[in-house]
file data_18.pdb (PDB, C-alpha atoms)
ATOM      1  CA  MET T   1     -24.175 -14.813  -1.505
ATOM      2  CA  ASP T   2     -25.153 -14.882   2.163
ATOM      3  CA  LEU T   3     -25.767 -11.397   3.609
ATOM      4  CA  ARG T   4     -25.421 -10.583   7.295
ATOM      5  CA  ILE T   5     -25.734  -7.406   9.350
ATOM      6  CA  PHE T   6     -22.674  -6.270  11.328
ATOM      7  CA  THR T   7     -22.906  -3.442  13.862
ATOM      8  CA  GLU T   8     -20.415  -1.345  15.862
ATOM      9  CA  PRO T   9     -22.336  -0.435  19.047
ATOM     10  CA  GLN T  10     -19.333   1.204  20.743
ATOM     11  CA  GLN T  11     -19.911   4.133  18.388
ATOM     12  CA  GLY T  12     -23.181   4.865  20.182
ATOM     13  CA  ALA T  13     -26.123   2.486  20.586
ATOM     14  CA  SER T  14     -28.383   1.315  23.371
ATOM     15  CA  TYR T  15     -29.706  -2.224  23.643
ATOM     16  CA  ASP T  16     -33.087  -1.011  22.381
ATOM     17  CA  THR T  17     -31.434   0.399  19.256
ATOM     18  CA  LEU T  18     -29.648  -2.871  18.601
ATOM     19  CA  LEU T  19     -32.870  -4.798  19.148
ATOM     20  CA  ARG T  20     -34.674  -2.672  16.546
ATOM     21  CA  VAL T  21     -31.928  -3.370  14.017
ATOM     22  CA  ALA T  22     -31.870  -7.103  14.779
ATOM     23  CA  ARG T  23     -35.649  -7.424  14.578
ATOM     24  CA  THR T  24     -35.762  -5.455  11.333
ATOM     25  CA  ALA T  25     -33.065  -7.681   9.850
ATOM     26  CA  GLU T  26     -34.987 -10.746  10.973
ATOM     27  CA  GLU T  27     -38.323  -9.511   9.616
ATOM     28  CA  LEU T  28     -36.865  -8.607   6.218
ATOM     29  CA  GLY T  29     -35.948 -12.256   5.746
ATOM     30  CA  VAL T  30     -32.848 -11.831   3.555
ATOM     31  CA  PHE T  31     -30.222 -11.437   6.275
ATOM     32  CA  SER T  32     -29.086 -14.679   7.872
ATOM     33  CA  ALA T  33     -27.476 -13.185  10.985
ATOM     34  CA  PHE T  34     -26.985 -10.173  13.224
ATOM     35  CA  PHE T  35     -23.412  -9.699  14.413
ATOM     36  CA  ARG T  36     -21.796  -7.065  16.559
ATOM     37  CA  SER T  37     -18.297  -5.954  17.484
ATOM     38  CA  ASP T  38     -16.829  -6.395  20.959
ATOM     39  CA  HIS T  39     -15.468  -3.033  22.088
ATOM     40  CA  TYR T  40     -15.815  -0.877  25.181
ATOM     41  CA  LEU T  41     -14.598   2.455  23.785
ATOM     42  CA  LYS T  42     -15.685   4.593  20.858
ATOM     43  CA  MET T  43     -13.405   5.233  17.912
ATOM     44  CA  GLY T  44     -13.046   8.468  16.001
ATOM     45  CA  ASP T  45     -15.053  11.675  16.228
ATOM     46  CA  VAL T  46     -18.307  10.461  17.796
ATOM     47  CA  ASP T  47     -19.671  10.901  21.304
ATOM     48  CA  GLY T  48     -20.342   7.185  21.792
ATOM     49  CA  LEU T  49     -23.483   7.894  23.828
ATOM     50  CA  PRO T  50     -25.104   6.323  25.749
ATOM     51  CA  GLY T  51     -21.910   4.317  26.278
ATOM     52  CA  PRO T  52     -20.706   0.801  25.582
ATOM     53  CA  THR T  53     -22.781  -2.349  25.715
ATOM     54  CA  ASP T  54     -21.247  -5.738  26.385
ATOM     55  CA  ALA T  55     -21.313  -8.066  23.374
ATOM     56  CA  TRP T  56     -22.426 -11.237  25.133
ATOM     57  CA  ILE T  57     -24.951  -9.519  27.372
ATOM     58  CA  THR T  58     -26.415  -7.970  24.229
ATOM     59  CA  LEU T  59     -26.543 -11.329  22.470
ATOM     60  CA  ALA T  60     -28.160 -12.943  25.514
ATOM     61  CA  GLY T  61     -30.928 -10.354  25.323
ATOM     62  CA  LEU T  62     -31.319 -10.808  21.574
ATOM     63  CA  ALA T  63     -31.423 -14.566  22.070
ATOM     64  CA  ARG T  64     -34.727 -14.070  23.911
ATOM     65  CA  ASP T  65     -36.021 -11.087  21.924
ATOM     66  CA  THR T  66     -35.569 -12.581  18.429
ATOM     67  CA  SER T  67     -36.575 -15.981  17.119
ATOM     68  CA  THR T  68     -34.845 -16.995  13.863
ATOM     69  CA  ILE T  69     -31.867 -14.817  13.015
ATOM     70  CA  ARG T  70     -28.430 -16.137  13.930
ATOM     71  CA  LEU T  71     -26.308 -14.182  16.399
ATOM     72  CA  GLY T  72     -22.577 -13.680  16.775
ATOM     73  CA  THR T  73     -19.460 -11.558  17.215
ATOM     74  CA  LEU T  74     -16.826 -10.125  14.917
ATOM     75  CA  MET T  75     -14.787 -10.638  17.001
ATOM     76  CA  THR T  76     -14.999 -11.358  20.730
ATOM     77  CA  ALA T  77     -11.844  -9.804  22.193
ATOM     78  CA  GLY T  78      -9.617 -12.450  23.727
ATOM     79  CA  THR T  79      -8.195  -9.900  26.165
ATOM     80  CA  PHE T  80     -11.586  -9.262  27.784
ATOM     81  CA  ARG T  81     -12.458 -12.719  29.087
ATOM     82  CA  LEU T  82     -11.005 -15.905  30.515
ATOM     83  CA  PRO T  83     -11.524 -18.845  28.143
ATOM     84  CA  GLY T  84     -13.364 -21.061  30.610
ATOM     85  CA  VAL T  85     -15.811 -18.276  31.456
ATOM     86  CA  THR T  86     -16.252 -17.485  27.756
ATOM     87  CA  ALA T  87     -17.101 -21.116  26.998
ATOM     88  CA  ILE T  88     -19.828 -20.986  29.653
ATOM     89  CA  GLN T  89     -21.210 -17.664  28.441
ATOM     90  CA  VAL T  90     -21.391 -18.635  24.776
ATOM     91  CA  ALA T  91     -22.903 -22.046  25.522
ATOM     92  CA  GLN T  92     -25.548 -20.387  27.703
ATOM     93  CA  VAL T  93     -26.473 -17.857  24.997
ATOM     94  CA  ASP T  94     -26.623 -20.708  22.491
ATOM     95  CA  ALA T  95     -29.154 -22.433  24.749
ATOM     96  CA  MET T  96     -31.092 -19.213  25.285
ATOM     97  CA  SER T  97     -31.348 -18.735  21.506
ATOM     98  CA  GLY T  98     -32.283 -22.314  20.706
ATOM     99  CA  GLY T  99     -28.968 -22.952  18.946
ATOM    100  CA  ARG T 100     -28.457 -19.770  16.905
ATOM    101  CA  VAL T 101     -25.020 -18.622  18.112
ATOM    102  CA  GLU T 102     -21.804 -18.274  16.123
ATOM    103  CA  PHE T 103     -18.534 -17.436  17.842
ATOM    104  CA  GLY T 104     -15.835 -15.203  16.440
ATOM    105  CA  LEU T 105     -12.726 -14.829  18.593
ATOM    106  CA  GLY T 106      -9.844 -12.445  18.033
ATOM    107  CA  ALA T 107      -6.728 -11.496  19.940
ATOM    108  CA  GLY T 108      -7.872  -7.989  20.928
ATOM    109  CA  TRP T 109      -6.024  -4.909  19.690
ATOM    110  CA  TYR T 110      -7.455  -1.612  20.952
ATOM    111  CA  GLU T 111      -5.163  -0.707  23.835
ATOM    112  CA  ALA T 112      -6.998   2.517  24.733
ATOM    113  CA  GLU T 113     -10.183   0.692  25.748
ATOM    114  CA  HIS T 114      -8.171  -1.557  28.040
ATOM    115  CA  THR T 115      -6.592   1.463  29.701
ATOM    116  CA  ALA T 116      -9.952   3.194  30.003
ATOM    117  CA  TYR T 117     -11.602   0.279  31.829
ATOM    118  CA  GLY T 118      -8.695  -1.276  33.717
ATOM    119  CA  ILE T 119      -8.365  -4.367  31.530
ATOM    120  CA  PRO T 120      -4.864  -5.877  31.265
ATOM    121  CA  PHE T 121      -3.398  -5.565  27.775
ATOM    122  CA  PRO T 122      -0.750  -8.294  27.377
ATOM    123  CA  LYS T 123       2.109  -7.970  24.925
ATOM    124  CA  GLU T 124       1.797 -11.568  23.730
ATOM    125  CA  LYS T 125      -1.757 -11.835  22.477
ATOM    126  CA  PHE T 126      -1.573 -14.362  19.661
ATOM    127  CA  GLY T 127      -0.281 -17.175  21.859
ATOM    128  CA  ARG T 128      -3.095 -16.490  24.301
ATOM    129  CA  LEU T 129      -5.611 -16.555  21.444
ATOM    130  CA  GLU T 130      -4.384 -19.962  20.317
ATOM    131  CA  GLU T 131      -4.749 -21.380  23.829
ATOM    132  CA  GLN T 132      -8.176 -19.778  24.224
ATOM    133  CA  LEU T 133      -9.443 -21.429  21.047
ATOM    134  CA  GLU T 134      -8.039 -24.775  22.122
ATOM    135  CA  ILE T 135      -9.651 -24.502  25.562
ATOM    136  CA  ILE T 136     -13.061 -23.230  24.458
ATOM    137  CA  THR T 137     -13.509 -25.753  21.663
ATOM    138  CA  GLY T 138     -12.087 -28.484  23.874
ATOM    139  CA  LEU T 139     -14.572 -27.751  26.661
ATOM    140  CA  TRP T 140     -17.489 -27.840  24.231
ATOM    141  CA  ARG T 141     -16.537 -31.165  22.651
ATOM    142  CA  THR T 142     -15.712 -32.968  25.904
ATOM    143  CA  LYS T 143     -18.214 -35.797  26.385
ATOM    144  CA  LEU T 144     -20.737 -35.589  29.197
ATOM    145  CA  GLY T 145     -19.315 -37.240  32.277
ATOM    146  CA  ASP T 146     -15.719 -36.681  31.190
ATOM    147  CA  THR T 147     -13.457 -33.901  32.415
ATOM    148  CA  PHE T 148     -11.205 -31.512  30.538
ATOM    149  CA  ASP T 149      -7.617 -30.653  31.463
ATOM    150  CA  PHE T 150      -5.281 -28.173  29.856
ATOM    151  CA  ALA T 151      -1.782 -27.039  30.770
ATOM    152  CA  GLY T 152      -0.518 -24.194  28.627
ATOM    153  CA  LYS T 153       1.807 -21.239  28.904
ATOM    154  CA  TYR T 154      -1.021 -18.836  29.763
ATOM    155  CA  TYR T 155      -3.893 -20.954  31.077
ATOM    156  CA  THR T 156      -4.309 -24.102  33.172
ATOM    157  CA  LEU T 157      -7.568 -26.021  33.670
ATOM    158  CA  THR T 158      -7.792 -29.054  35.948
ATOM    159  CA  ASP T 159     -10.685 -31.511  36.218
ATOM    160  CA  SER T 160     -13.127 -29.169  34.510
ATOM    161  CA  PRO T 161     -16.600 -30.720  34.142
ATOM    162  CA  ALA T 162     -16.769 -28.877  30.807
ATOM    163  CA  LEU T 163     -20.318 -27.695  31.396
ATOM    164  CA  PRO T 164     -22.689 -26.414  30.162
ATOM    165  CA  LYS T 165     -22.840 -27.858  26.664
ATOM    166  CA  PRO T 166     -24.084 -25.789  23.724
ATOM    167  CA  VAL T 167     -27.392 -26.716  22.116
ATOM    168  CA  GLN T 168     -25.703 -26.983  18.727
ATOM    169  CA  GLU T 169     -23.579 -30.035  18.155
ATOM    170  CA  ARG T 170     -20.870 -27.651  16.988
ATOM    171  CA  ILE T 171     -20.996 -23.887  17.450
ATOM    172  CA  PRO T 172     -19.481 -22.348  14.307
ATOM    173  CA  VAL T 173     -16.123 -20.767  15.137
ATOM    174  CA  LEU T 174     -14.850 -17.763  13.175
ATOM    175  CA  VAL T 175     -11.192 -16.825  12.866
ATOM    176  CA  GLY T 176     -10.042 -13.871  10.808
ATOM    177  CA  GLY T 177      -7.355 -11.420   9.863
ATOM    178  CA  LEU T 178      -4.615 -10.671   7.345
ATOM    179  CA  GLY T 179      -1.653 -12.286   9.102
ATOM    180  CA  PRO T 180       0.199 -14.286   6.430
ATOM    181  CA  LYS T 181       1.327 -17.334   8.451
ATOM    182  CA  ARG T 182       0.039 -17.728  11.990
ATOM    183  CA  THR T 183      -3.523 -16.650  11.179
ATOM    184  CA  PRO T 184      -4.045 -19.211   8.376
ATOM    185  CA  ALA T 185      -2.555 -21.912  10.620
ATOM    186  CA  LEU T 186      -4.946 -20.972  13.415
ATOM    187  CA  ALA T 187      -7.892 -21.047  11.033
ATOM    188  CA  ALA T 188      -6.824 -24.462   9.778
ATOM    189  CA  ARG T 189      -6.923 -25.848  13.317
ATOM    190  CA  PHE T 190     -10.064 -24.273  14.704
ATOM    191  CA  ALA T 191     -12.210 -22.386  12.210
ATOM    192  CA  ASP T 192     -15.503 -23.208  10.560
ATOM    193  CA  GLU T 193     -15.389 -19.796   8.887
ATOM    194  CA  PHE T 194     -12.561 -17.492   7.897
ATOM    195  CA  ASN T 195     -13.348 -13.783   7.830
ATOM    196  CA  LEU T 196     -11.499 -10.811   6.373
ATOM    197  CA  PRO T 197     -12.404  -7.404   7.788
ATOM    198  CA  PHE T 198     -12.297  -4.486   5.349
ATOM    199  CA  ALA T 199      -9.874  -6.118   2.938
ATOM    200  CA  SER T 200      -9.322  -5.210  -0.709
ATOM    201  CA  LEU T 201     -10.083  -7.658  -3.496
ATOM    202  CA  ASP T 202      -6.386  -8.351  -4.040
ATOM    203  CA  ASP T 203      -5.781  -8.969  -0.338
ATOM    204  CA  THR T 204      -8.859 -11.185  -0.223
ATOM    205  CA  VAL T 205      -7.608 -13.383  -3.060
ATOM    206  CA  ALA T 206      -4.154 -13.703  -1.502
ATOM    207  CA  GLN T 207      -5.322 -14.437   2.055
ATOM    208  CA  PHE T 208      -8.024 -16.905   1.050
ATOM    209  CA  ALA T 209      -5.374 -18.786  -0.917
ATOM    210  CA  ARG T 210      -3.085 -18.905   2.138
ATOM    211  CA  VAL T 211      -5.895 -20.153   4.347
ATOM    212  CA  ARG T 212      -7.028 -22.799   1.870
ATOM    213  CA  ALA T 213      -3.455 -24.069   1.603
ATOM    214  CA  ALA T 214      -3.069 -24.183   5.386
ATOM    215  CA  VAL T 215      -6.357 -26.043   5.779
ATOM    216  CA  GLU T 216      -5.324 -28.636   3.191
ATOM    217  CA  GLN T 217      -1.924 -29.002   4.864
ATOM    218  CA  ALA T 218      -3.704 -29.669   8.164
ATOM    219  CA  GLY T 219      -5.538 -32.596   6.571
ATOM    220  CA  ARG T 220      -8.899 -30.916   6.105
ATOM    221  CA  SER T 221     -10.703 -30.048   2.904
ATOM    222  CA  ALA T 222     -10.390 -26.339   2.177
ATOM    223  CA  ASP T 223     -14.077 -26.348   1.260
ATOM    224  CA  GLU T 224     -15.012 -27.248   4.846
ATOM    225  CA  LEU T 225     -14.650 -23.565   5.721
ATOM    226  CA  VAL T 226     -16.903 -20.675   4.808
ATOM    227  CA  TYR T 227     -14.918 -17.710   3.450
ATOM    228  CA  SER T 228     -16.324 -14.268   4.205
ATOM    229  CA  ASN T 229     -15.668 -10.533   4.103
ATOM    230  CA  ALA T 230     -16.841  -7.664   6.302
ATOM    231  CA  LEU T 231     -17.345  -4.412   4.387
ATOM    232  CA  VAL T 232     -18.848  -1.039   5.240
ATOM    233  CA  LEU T 233     -22.262  -0.414   3.664
ATOM    234  CA  CYS T 234     -23.505   2.800   2.078
ATOM    235  CA  VAL T 235     -26.150   2.195  -0.588
ATOM    236  CA  GLY T 236     -28.682   4.675  -1.927
ATOM    237  CA  ARG T 237     -31.352   4.808  -4.580
ATOM    238  CA  ASP T 238     -29.430   7.607  -6.304
ATOM    239  CA  ASP T 239     -26.219   9.610  -5.866
ATOM    240  CA  ALA T 240     -27.875  12.107  -3.544
ATOM    241  CA  GLU T 241     -29.010   9.386  -1.158
ATOM    242  CA  VAL T 242     -25.565   7.783  -1.214
ATOM    243  CA  ALA T 243     -24.011  11.149  -0.361
ATOM    244  CA  ARG T 244     -26.495  11.713   2.460
ATOM    245  CA  ARG T 245     -25.753   8.326   4.007
ATOM    246  CA  ALA T 246     -22.006   8.847   3.662
ATOM    247  CA  ALA T 247     -22.243  12.221   5.403
ATOM    248  CA  ALA T 248     -24.287  10.675   8.211
ATOM    249  CA  ILE T 249     -21.393   8.370   9.087
ATOM    250  CA  GLY T 250     -18.661  10.958   8.466
ATOM    251  CA  ARG T 251     -17.201   9.280   5.402
ATOM    252  CA  GLU T 252     -16.426  10.344   1.836
ATOM    253  CA  VAL T 253     -18.319   8.669  -1.000
ATOM    254  CA  ASP T 254     -15.192   8.017  -3.060
ATOM    255  CA  ASP T 255     -13.481   6.334  -0.102
ATOM    256  CA  LEU T 256     -16.529   4.188   0.570
ATOM    257  CA  LYS T 257     -16.741   3.124  -3.069
ATOM    258  CA  GLU T 258     -13.052   2.230  -3.085
ATOM    259  CA  ASN T 259     -12.958   0.379   0.225
ATOM    260  CA  GLY T 260     -16.504  -0.767   0.874
ATOM    261  CA  LEU T 261     -19.895  -1.449  -0.632
ATOM    262  CA  ALA T 262     -21.185   1.955  -1.696
ATOM    263  CA  GLY T 263     -23.268   3.390  -4.483
ATOM    264  CA  THR T 264     -26.566   2.523  -6.094
ATOM    265  CA  PRO T 265     -27.981  -0.984  -5.661
ATOM    266  CA  ASP T 266     -26.592  -2.012  -9.049
ATOM    267  CA  GLU T 267     -23.124  -0.715  -8.139
ATOM    268  CA  VAL T 268     -23.168  -2.602  -4.845
ATOM    269  CA  VAL T 269     -24.338  -5.802  -6.547
ATOM    270  CA  GLU T 270     -21.452  -5.510  -9.010
ATOM    271  CA  LYS T 271     -18.940  -5.019  -6.189
ATOM    272  CA  ILE T 272     -20.297  -7.993  -4.251
ATOM    273  CA  ALA T 273     -19.989 -10.085  -7.413
ATOM    274  CA  ARG T 274     -16.298  -9.196  -7.568
ATOM    275  CA  TYR T 275     -15.823 -10.438  -4.000
ATOM    276  CA  ALA T 276     -17.729 -13.600  -4.865
ATOM    277  CA  ALA T 277     -15.342 -14.162  -7.763
ATOM    278  CA  ALA T 278     -12.471 -13.752  -5.281
ATOM    279  CA  GLY T 279     -13.889 -16.641  -3.251
ATOM    280  CA  SER T 280     -16.161 -14.906  -0.743
ATOM    281  CA  GLN T 281     -19.332 -16.785   0.138
ATOM    282  CA  ARG T 282     -20.692 -14.441   2.791
ATOM    283  CA  VAL T 283     -20.620 -10.687   3.358
ATOM    284  CA  TYR T 284     -21.065  -8.930   6.684
ATOM    285  CA  LEU T 285     -22.578  -5.526   5.920
ATOM    286  CA  GLN T 286     -21.138  -3.041   8.405
ATOM    287  CA  VAL T 287     -24.066  -0.746   9.204
ATOM    288  CA  LEU T 288     -22.855   2.359  11.047
ATOM    289  CA  ASP T 289     -26.027   4.488  11.173
ATOM    290  CA  LEU T 290     -28.213   2.259  13.314
ATOM    291  CA  GLY T 291     -31.163   4.616  13.194
ATOM    292  CA  ASP T 292     -31.488   4.302   9.411
ATOM    293  CA  LEU T 293     -33.594   1.164   9.093
ATOM    294  CA  ASP T 294     -34.577   2.152   5.557
ATOM    295  CA  HIS T 295     -30.993   1.339   4.631
ATOM    296  CA  LEU T 296     -31.613  -2.314   5.487
ATOM    297  CA  GLU T 297     -34.907  -2.301   3.653
ATOM    298  CA  LEU T 298     -33.227  -0.963   0.507
ATOM    299  CA  VAL T 299     -30.665  -3.770   0.589
ATOM    300  CA  ALA T 300     -33.444  -6.309   1.086
ATOM    301  CA  SER T 301     -35.552  -5.010  -1.792
ATOM    302  CA  ARG T 302     -32.969  -3.884  -4.348
ATOM    303  CA  VAL T 303     -29.670  -5.680  -3.651
ATOM    304  CA  ALA T 304     -30.451  -9.124  -2.240
ATOM    305  CA  PRO T 305     -32.831 -10.167  -5.060
ATOM    306  CA  GLN T 306     -30.063  -9.637  -7.622
ATOM    307  CA  LEU T 307     -27.624 -11.905  -5.796
ATOM    308  CA  GLY T 308     -29.570 -15.134  -6.261
TER     309      GLY T 308
END
call {"tool": "encode", "arguments": {"input": "data_18.pdb", "output": "structure tokens"}}
result
Amino acid sequence: MDLRIFTEPQQGASYDTLLRVARTAEELGVFSAFFRSDHYLKMGDVDGLPGPTDAWITLAGLARDTSTIRLGTLMTAGTFRLPGVTAIQVAQVDAMSGGRVEFGLGAGWYEAEHTAYGIPFPKEKFGRLEEQLEIITGLWRTKLGDTFDFAGKYYTLTDSPALPKPVQERIPVLVGGLGPKRTPALAARFADEFNLPFASLDDTVAQFARVRAAVEQAGRSADELVYSNALVLCVGRDDAEVARRAAAIGREVDDLKENGLAGTPDEVVEKIARYAAAGSQRVYLQVLDLGDLDHLELVASRVAPQLG
């Protein structure tokens, strides 16, 4: 099982905080990637200080301030950026990192952050997402010297030089969500990885099956994709430490055990094994207390070694 760190900086984190987490994850050697959300407004009962950080500016900094860990988003909000600009930004960060970028793109959903920062929030988001994926991946795969054109309902590109190119021959593209029809079809067309955020075991089994069927129907092997879950993390050496970490993020232990990866290392290993049996190959560990670096160290020393 591949383990990755997933952060939610809109809840309150400076770049320096994120850098400490990313470097710790890199130094521990068991986490393959550092990912972050793409939000501009806090959620729930937190102060969100010092304020939001931009996902791709953060990843550009980490591209220079780390050396081996992979970097990405769950998910870049499609409502925040134009697809042509996004293709340039991601390709540039890929070059800055020496080819360590992975690109998750979602439709965008949090209307309040759009209102707060003057960002248009369109009613039809899924159609825009489909065009964005087609444009971004099309720009990246256009051969040097050729141009890229696109005429869609929402976006038009004419005679684009389709530059710059990423360092990687193919930047891994992540698509995710629980939509029963359109989401699997989108994954079948564009995804290298399909991700489920905070889904139960039953929902994971059902959605992975839908995606695998859609991929096969599109003429690809279902095994071409990586299948992954994102789950909140709250692990402790004993019940008291679990309770302390749950309180620090304002959550109940029972809820975390039901809906996330919580408990002692052995309990968390058993829960991860159940997701592996459901078809998950990779888990994004949602770390909400970014000042608790011992949390990462505990996973590295007591959980990861049991996963093989």
call {"tool": "closest_residue", "arguments": {"input": "data_18.pdb", "among": "T:Gly279, T:Gly138, T:Gly29, T:Gly104", "to": "Leu174 of chain T", "atoms": "all atoms listed in the file"}}
result
T:Gly104
call {"tool": "closest_residue", "arguments": {"input": "data_18.pdb", "among": "T:Ala240, T:Val215, T:His114, T:Leu3", "to": "Val299 of chain T", "atoms": "only C-alpha atoms"}}
result
T:Leu3
call {"tool": "closest_residue", "arguments": {"input": "data_18.pdb", "among": "T:Thr156, T:Ser37, T:Gln132, T:Gln92", "to": "Ala230 of chain T", "atoms": "all atoms listed in the file"}}
result
T:Ser37
call {"tool": "residues_around", "arguments": {"input": "data_18.pdb", "residues": "Ala116 of chain T", "least_positions_apart": "3", "cutoff": "9 Å", "atoms": "all atoms listed in the file", "output": "ChimeraX atom specification"}}
result
/T:40-41,111-113,119
call {"tool": "atom_distance", "arguments": {"input": "data_18.pdb", "atom1": "atom CA of Ala77 of chain T", "atom2": "atom CA of Ile249 of chain T"}}
result
24.4 Å
call {"tool": "resolve_selection", "arguments": {"input": "data_18.pdb", "expression": "the PyMOL selection byres ((chain T and resi 42-48) around 7)", "output": "VMD selection string"}}
result
chain T and resid 10 to 12 40 to 41 49 to 51
